[in-house]
file start05.txt (compact mmCIF, C-alpha atoms and all ligand atoms)
# COMPACT_ATOMS: atom_id res chain seq x y z
CA MET D 1 -199.70 82.64 -8.76
CA THR D 2 -201.54 85.73 -7.45
CA SER D 3 -203.94 85.61 -10.35
CA LEU D 4 -204.67 81.93 -9.62
CA VAL D 5 -205.34 82.75 -5.96
CA ASN D 6 -207.60 85.64 -7.02
CA TRP D 7 -209.39 83.38 -9.49
CA LEU D 8 -210.05 80.78 -6.79
CA ASP D 9 -211.00 83.42 -4.21
CA GLU D 10 -213.56 84.95 -6.58
CA ARG D 11 -215.26 81.54 -6.72
CA PHE D 12 -214.81 80.18 -3.18
CA GLY D 13 -214.76 83.44 -1.18
CA LEU D 14 -211.99 81.95 0.97
CA ASN D 15 -210.51 85.36 1.72
CA THR D 16 -213.73 86.53 3.37
CA ILE D 17 -213.84 83.33 5.47
CA TRP D 18 -210.15 83.79 6.46
CA GLU D 19 -210.74 87.46 7.39
CA THR D 20 -213.88 86.62 9.40
CA ILE D 21 -212.25 83.81 11.37
CA PHE D 22 -208.62 84.82 11.81
CA ARG D 23 -208.54 88.58 11.37
CA ARG D 24 -211.58 89.49 13.42
CA LYS D 25 -211.15 92.11 16.12
CA VAL D 26 -210.72 90.75 19.64
CA PRO D 27 -210.60 92.71 22.89
CA LYS D 28 -207.37 92.91 24.87
CA VAL D 29 -207.52 89.77 26.97
CA ASN D 30 -205.28 87.73 29.29
CA TRP D 31 -203.92 84.17 29.52
CA PHE D 32 -207.14 82.80 31.03
CA TYR D 33 -208.77 83.38 27.65
CA THR D 34 -206.51 80.71 26.11
CA LEU D 35 -208.20 77.88 28.07
CA GLY D 36 -210.92 77.38 25.42
CA SER D 37 -208.33 77.06 22.64
CA ALA D 38 -206.25 74.74 24.85
CA THR D 39 -209.32 72.49 25.29
CA LEU D 40 -209.85 72.55 21.52
CA PHE D 41 -206.22 71.59 20.93
CA VAL D 42 -206.53 68.60 23.28
CA ALA D 43 -209.84 67.58 21.64
CA ILE D 44 -208.05 67.43 18.28
CA ASN D 45 -205.19 65.47 19.89
CA GLN D 46 -207.77 62.97 21.21
CA ALA D 47 -209.30 62.56 17.75
CA VAL D 48 -205.96 62.01 16.01
CA THR D 49 -204.48 59.63 18.61
CA GLY D 50 -207.85 57.86 19.02
CA ILE D 51 -208.05 57.15 15.29
CA LEU D 52 -204.49 55.78 15.40
CA LEU D 53 -205.36 53.51 18.35
CA THR D 54 -208.33 52.01 16.46
CA LEU D 55 -205.90 50.75 13.79
CA TYR D 56 -204.73 48.10 16.29
CA TYR D 57 -207.37 47.94 19.02
CA VAL D 58 -210.04 45.22 18.68
CA PRO D 59 -213.19 45.75 20.81
CA THR D 60 -214.01 42.13 21.72
CA PRO D 61 -213.46 40.42 25.11
CA ASP D 62 -210.90 37.96 23.70
CA HIS D 63 -208.83 40.65 21.95
CA ALA D 64 -209.33 44.00 23.71
CA TYR D 65 -206.86 43.43 26.56
CA ALA D 66 -204.28 41.73 24.32
CA THR D 67 -204.38 44.45 21.65
CA VAL D 68 -203.94 47.19 24.27
CA GLN D 69 -200.93 45.29 25.66
CA TYR D 70 -199.56 44.94 22.13
CA ILE D 71 -200.00 48.68 21.47
CA THR D 72 -198.29 49.57 24.75
CA TYR D 73 -195.34 47.15 24.80
CA GLU D 74 -194.64 46.03 21.24
CA LEU D 75 -195.92 48.47 18.65
CA PRO D 76 -193.27 51.13 17.84
CA ALA D 77 -194.35 54.43 19.46
CA GLY D 78 -197.58 52.70 20.53
CA TRP D 79 -196.89 53.59 24.17
CA PHE D 80 -196.50 57.22 23.09
CA ILE D 81 -199.77 57.40 21.12
CA ARG D 82 -201.65 55.61 23.90
CA GLY D 83 -200.01 57.88 26.48
CA LEU D 84 -201.07 61.00 24.59
CA HIS D 85 -204.63 59.69 24.43
CA HIS D 86 -204.65 58.51 28.08
CA TYR D 87 -203.26 61.69 29.65
CA GLY D 88 -205.02 63.84 27.05
CA ALA D 89 -208.35 62.50 28.37
CA SER D 90 -207.63 63.83 31.87
CA ALA D 91 -206.19 67.06 30.48
CA MET D 92 -209.34 67.68 28.45
CA VAL D 93 -211.63 67.34 31.47
CA ILE D 94 -209.38 69.60 33.59
CA LEU D 95 -209.01 72.25 30.85
CA ALA D 96 -212.75 72.29 30.02
CA VAL D 97 -213.57 72.77 33.73
CA LEU D 98 -210.94 75.55 34.10
CA HIS D 99 -212.30 77.20 30.93
CA MET D 100 -215.80 77.05 32.43
CA VAL D 101 -214.54 78.55 35.71
CA ARG D 102 -212.98 81.41 33.70
CA VAL D 103 -216.31 82.01 31.95
CA VAL D 104 -218.10 82.12 35.32
CA PHE D 105 -215.59 84.47 36.95
CA TYR D 106 -215.73 86.90 34.03
CA GLY D 107 -219.52 86.71 33.75
CA ALA D 108 -219.07 85.72 30.09
CA TYR D 109 -222.16 83.44 30.21
CA LYS D 110 -224.52 86.45 30.30
CA TYR D 111 -226.49 87.97 27.41
CA PRO D 112 -225.86 87.53 24.49
CA ARG D 113 -223.75 84.44 25.18
CA GLU D 114 -226.34 82.14 26.80
CA MET D 115 -226.22 79.70 23.89
CA THR D 116 -222.41 79.62 23.99
CA TRP D 117 -222.75 78.64 27.65
CA ILE D 118 -225.42 75.99 26.95
CA THR D 119 -223.39 74.40 24.14
CA GLY D 120 -220.43 74.52 26.56
CA VAL D 121 -222.37 72.62 29.24
CA LEU D 122 -223.24 69.95 26.65
CA LEU D 123 -219.58 69.80 25.57
CA LEU D 124 -218.54 69.17 29.17
CA LEU D 125 -221.12 66.36 29.55
CA ILE D 126 -219.88 64.78 26.30
CA THR D 127 -216.28 65.05 27.54
CA VAL D 128 -217.24 63.18 30.72
CA GLY D 129 -219.08 60.61 28.55
CA PHE D 130 -215.84 60.04 26.64
CA GLY D 131 -214.04 59.34 29.90
CA PHE D 132 -216.71 56.91 31.10
CA THR D 133 -216.94 54.91 27.86
CA GLY D 134 -213.17 54.98 27.23
CA TYR D 135 -212.35 53.62 30.67
CA LEU D 136 -213.87 50.21 29.83
CA LEU D 137 -211.99 49.72 26.55
CA PRO D 138 -208.65 48.28 27.95
CA TRP D 139 -210.86 45.47 29.38
CA ASP D 140 -208.64 44.87 32.40
CA GLN D 141 -209.82 44.30 35.98
CA LYS D 142 -209.90 48.02 36.77
CA ALA D 143 -211.94 48.78 33.64
CA TYR D 144 -214.35 45.90 34.20
CA TRP D 145 -215.11 46.69 37.83
CA ALA D 146 -215.22 50.47 37.42
CA THR D 147 -217.85 50.05 34.69
CA THR D 148 -219.70 47.48 36.81
CA VAL D 149 -219.94 50.09 39.58
CA GLY D 150 -220.68 52.99 37.17
CA THR D 151 -223.54 51.18 35.46
CA GLU D 152 -224.78 49.94 38.87
CA ILE D 153 -225.07 53.59 39.97
CA ALA D 154 -227.03 54.40 36.80
CA GLY D 155 -229.35 51.54 37.80
CA THR D 156 -230.25 52.99 41.21
CA PRO D 157 -232.91 55.67 40.40
CA PRO D 158 -236.48 54.44 40.90
CA LEU D 159 -238.60 53.59 37.82
CA VAL D 160 -236.00 54.34 35.12
CA GLY D 161 -232.93 52.85 36.84
CA ASP D 162 -233.24 49.27 35.66
CA PHE D 163 -233.98 50.42 32.11
CA MET D 164 -230.88 52.66 32.06
CA LEU D 165 -228.70 49.86 33.42
CA ARG D 166 -229.92 47.47 30.72
CA VAL D 167 -229.44 50.05 27.96
CA MET D 168 -225.89 50.76 29.14
CA ARG D 169 -224.90 47.12 29.60
CA GLY D 170 -226.89 45.75 26.68
CA GLY D 171 -228.44 43.24 29.08
CA GLN D 172 -228.50 42.55 32.81
CA GLU D 173 -224.77 41.68 33.05
CA LEU D 174 -221.59 43.34 31.79
CA SER D 175 -220.66 41.40 28.64
CA GLU D 176 -219.23 41.55 25.13
CA VAL D 177 -222.33 43.57 24.19
CA THR D 178 -221.34 46.22 26.79
CA LEU D 179 -217.85 46.44 25.33
CA ALA D 180 -219.18 46.75 21.76
CA ARG D 181 -221.70 49.37 22.89
CA PHE D 182 -219.15 51.46 24.81
CA PHE D 183 -216.73 51.28 21.89
CA GLY D 184 -219.41 52.35 19.38
CA VAL D 185 -220.47 55.28 21.55
CA HIS D 186 -216.83 56.24 22.25
CA VAL D 187 -215.64 56.29 18.63
CA TRP D 188 -218.83 57.21 16.67
CA VAL D 189 -221.64 58.77 18.68
CA LEU D 190 -219.67 61.04 21.03
CA PRO D 191 -217.14 62.33 18.45
CA ALA D 192 -220.00 63.21 16.05
CA LEU D 193 -221.78 65.10 18.84
CA LEU D 194 -218.57 66.71 20.13
CA PHE D 195 -217.35 68.11 16.83
CA THR D 196 -220.83 69.26 15.76
CA LEU D 197 -221.24 71.12 19.06
CA ILE D 198 -217.69 72.52 18.91
CA GLY D 199 -218.69 73.86 15.47
CA VAL D 200 -221.75 75.61 16.95
CA HIS D 201 -219.70 76.86 19.96
CA MET D 202 -217.04 78.33 17.63
CA TYR D 203 -219.65 79.79 15.26
CA LEU D 204 -221.19 81.66 18.19
CA ILE D 205 -217.79 82.85 19.42
CA ILE D 206 -216.97 84.23 15.98
CA ARG D 207 -220.47 85.65 15.35
CA ILE D 208 -220.91 87.34 18.75
CA GLY D 209 -217.23 87.91 19.55
CA ILE D 210 -215.68 87.16 22.92
CA SER D 211 -216.40 89.32 25.94
CA ALA D 212 -213.87 91.89 27.11
CA PRO D 213 -212.59 91.42 30.69
CA PRO D 214 -214.88 93.41 32.98
CA LYS D 215 -213.41 96.73 34.19
CA LYS D 216 -213.43 97.99 37.74
CA GLU D 217 -216.39 100.30 38.18
CA GLU D 218 -215.62 104.03 38.18
CA GLU D 219 -215.67 105.59 41.63
CA PRO D 220 -218.88 107.66 41.94
CA ASN D 221 -218.26 111.43 42.09
CA GLU D 222 -219.10 112.69 45.51
C1 LIG F 301 -214.78 70.70 24.47
C2 LIG F 301 -214.93 71.72 25.27
C3 LIG F 301 -214.82 73.19 24.87
C4 LIG F 301 -214.12 73.80 23.85
C5 LIG F 301 -213.26 73.13 22.80
C6 LIG F 301 -214.35 75.23 23.97
C7 LIG F 301 -213.78 76.21 23.16
C8 LIG F 301 -213.91 77.58 23.36
C9 LIG F 301 -213.08 78.61 22.75
C10 LIG F 301 -211.92 78.37 21.79
C11 LIG F 301 -213.55 79.82 23.18
C12 LIG F 301 -213.00 81.24 22.84
C13 LIG F 301 -211.77 81.56 23.70
C14 LIG F 301 -212.04 81.54 25.18
O1 LIG F 301 -212.88 82.33 25.67
O2 LIG F 301 -211.41 80.71 25.87
C15 LIG F 301 -214.69 79.57 24.05
C16 LIG F 301 -215.48 80.54 24.63
C17 LIG F 301 -216.57 80.29 25.46
N1 LIG F 301 -216.92 79.06 26.01
FE1 LIG F 301 -216.07 77.27 25.52
N2 LIG F 301 -215.21 75.46 25.03
C18 LIG F 301 -215.50 74.25 25.62
C19 LIG F 301 -216.27 74.04 26.75
C20 LIG F 301 -217.02 75.04 27.38
C21 LIG F 301 -217.75 74.87 28.63
C22 LIG F 301 -217.73 73.59 29.47
C23 LIG F 301 -218.40 76.04 28.86
C24 LIG F 301 -219.34 76.41 30.00
C25 LIG F 301 -220.22 75.59 30.48
C26 LIG F 301 -218.08 76.97 27.79
C27 LIG F 301 -218.57 78.25 27.64
C28 LIG F 301 -218.00 79.22 26.84
C29 LIG F 301 -218.45 80.62 26.79
C30 LIG F 301 -219.65 81.25 27.54
C31 LIG F 301 -217.54 81.29 25.92
C32 LIG F 301 -217.56 82.79 25.55
C33 LIG F 301 -216.53 83.46 26.42
C34 LIG F 301 -216.42 84.95 26.19
O3 LIG F 301 -217.09 85.46 25.30
O4 LIG F 301 -215.64 85.57 26.90
N3 LIG F 301 -217.21 76.33 26.92
N4 LIG F 301 -214.88 78.19 24.16

call {"tool": "encode", "arguments": {"input": "start05.txt", "output": "structure tokens", "more": "lines below"}}
Ligand code: HEM
result
Amino acid sequence: MTSLVNWLDERFGLNTIWETIFRRKVPKVNWFYTLGSATLFVAINQAVTGILLTLYYVPTPDHAYATVQYITYELPAGWFIRGLHHYGASAMVILAVLHMVRVVFYGAYKYPREMTWITGVLLLLITVGFGFTGYLLPWDQKAYWATTVGTEIAGTPPLVGDFMLRVMRGGQELSEVTLARFFGVHVWVLPALLFTLIGVHMYLIIRIGISAPPKKEEEPNE
């Protein structure tokens, strides 16, 4: 068995990857440093439960509401999977914001971690984008009118407003095109962006290493 592992390791270099990722040296930190990993955990939960939901959800005006009702009230454990995805969405926003607050308070955005911060800002925007596009998918009254208002707001800036509204709605009115568009962005575009950027964020964290909590300055000798 050991010789097989060694044989594979000589070819794949998995041991080096394992050592670099999981056995790297980290400074002595506190519980606030777990917020990034907690956000990552919820992001993975969203991907897994989201994929499961798409097995039954149909993104068309005549089926969206009915399939969500079916998932919630008839499908075994459907309520549980939907619940994990629903509450996970709020948890992810809250955790990402708390993680960002931690980074600000510890000054961890400073050199050489500017790009970790910038990828983080993009991750937060994508997370909010998930919330906005996901909210329409149940296609109930709340979803319909919230998206009507949301896209209306996007339509208010001068010059570009009307263009943005039409791009978001796929026309002047909220319609089946809007639902298809929001679904496509929610399950294809945003996940691709999110997991690519998480990859870059994690690469930087491993390459640069995380910052140690700042120490109280030494009292000057007088
Ligand atoms: C999907 C969202 C995000 C995930 C999954 C994520 C994940 C992580 C993880 C696992 C760490 C290392 C452990 C830690 O310090 O907590 C980390 C560090 C870091 N993150 Fe995030 N993060 C996210 C969003 C953000 C946001 C919104 C910002 C700021 C705008 C940000 C900025 C940073 C910075 C600067 C570090 C380095 C901290 C240090 O070296 O002490 N991240 N992130």

call {"tool": "residues_near_ligand", "arguments": {"input": "start05.txt", "ligand": "ligand LIG 301 (chain F)", "cutoff": "9 Å", "atoms": "all atoms listed in the file", "output": "PyMOL selection string"}}
result
chain D and resi 32-44+92-93+95-104+106-110+113-127+194-195+197-198+201-202+204-206+208-213

call {"tool": "atom_distance", "arguments": {"input": "start05.txt", "atom1": "CA of Thr133 in chain D", "atom2": "CA of Phe182 in chain D"}}
result
5.1 Å

call {"tool": "closest_residue", "arguments": {"input": "start05.txt", "among": "D:His86, D:Lys216, D:Arg23, D:Arg11", "to": "Asn45 in chain D", "atoms": "only C-alpha atoms"}}
result
D:His86

call {"tool": "closest_residue", "arguments": {"input": "start05.txt", "among": "D:Val68, D:Val29, D:Arg166, D:Gly83", "to": "Lys215 in chain D", "atoms": "all atoms listed in the file"}}
result
D:Val29

call {"tool": "residues_around", "arguments": {"input": "start05.txt", "residues": "range 58-62 of chain D", "least_positions_apart": "5", "cutoff": "8 Å", "atoms": "only C-alpha atoms", "output": "PyMOL selection string"}}
result
chain D and resi 67+137+139+176+179-180+183

call {"tool": "atom_distance", "arguments": {"input": "start05.txt", "atom1": "CA of Leu53 in chain D", "atom2": "CA of Thr147 in chain D"}}
result
20.9 Å

call {"tool": "closest_residue", "arguments": {"input": "start05.txt", "among": "D:Pro214, D:Pro191, D:Pro158, D:Gly88", "to": "Gln46 in chain D", "atoms": "all atoms listed in the file"}}
result
D:Gly88
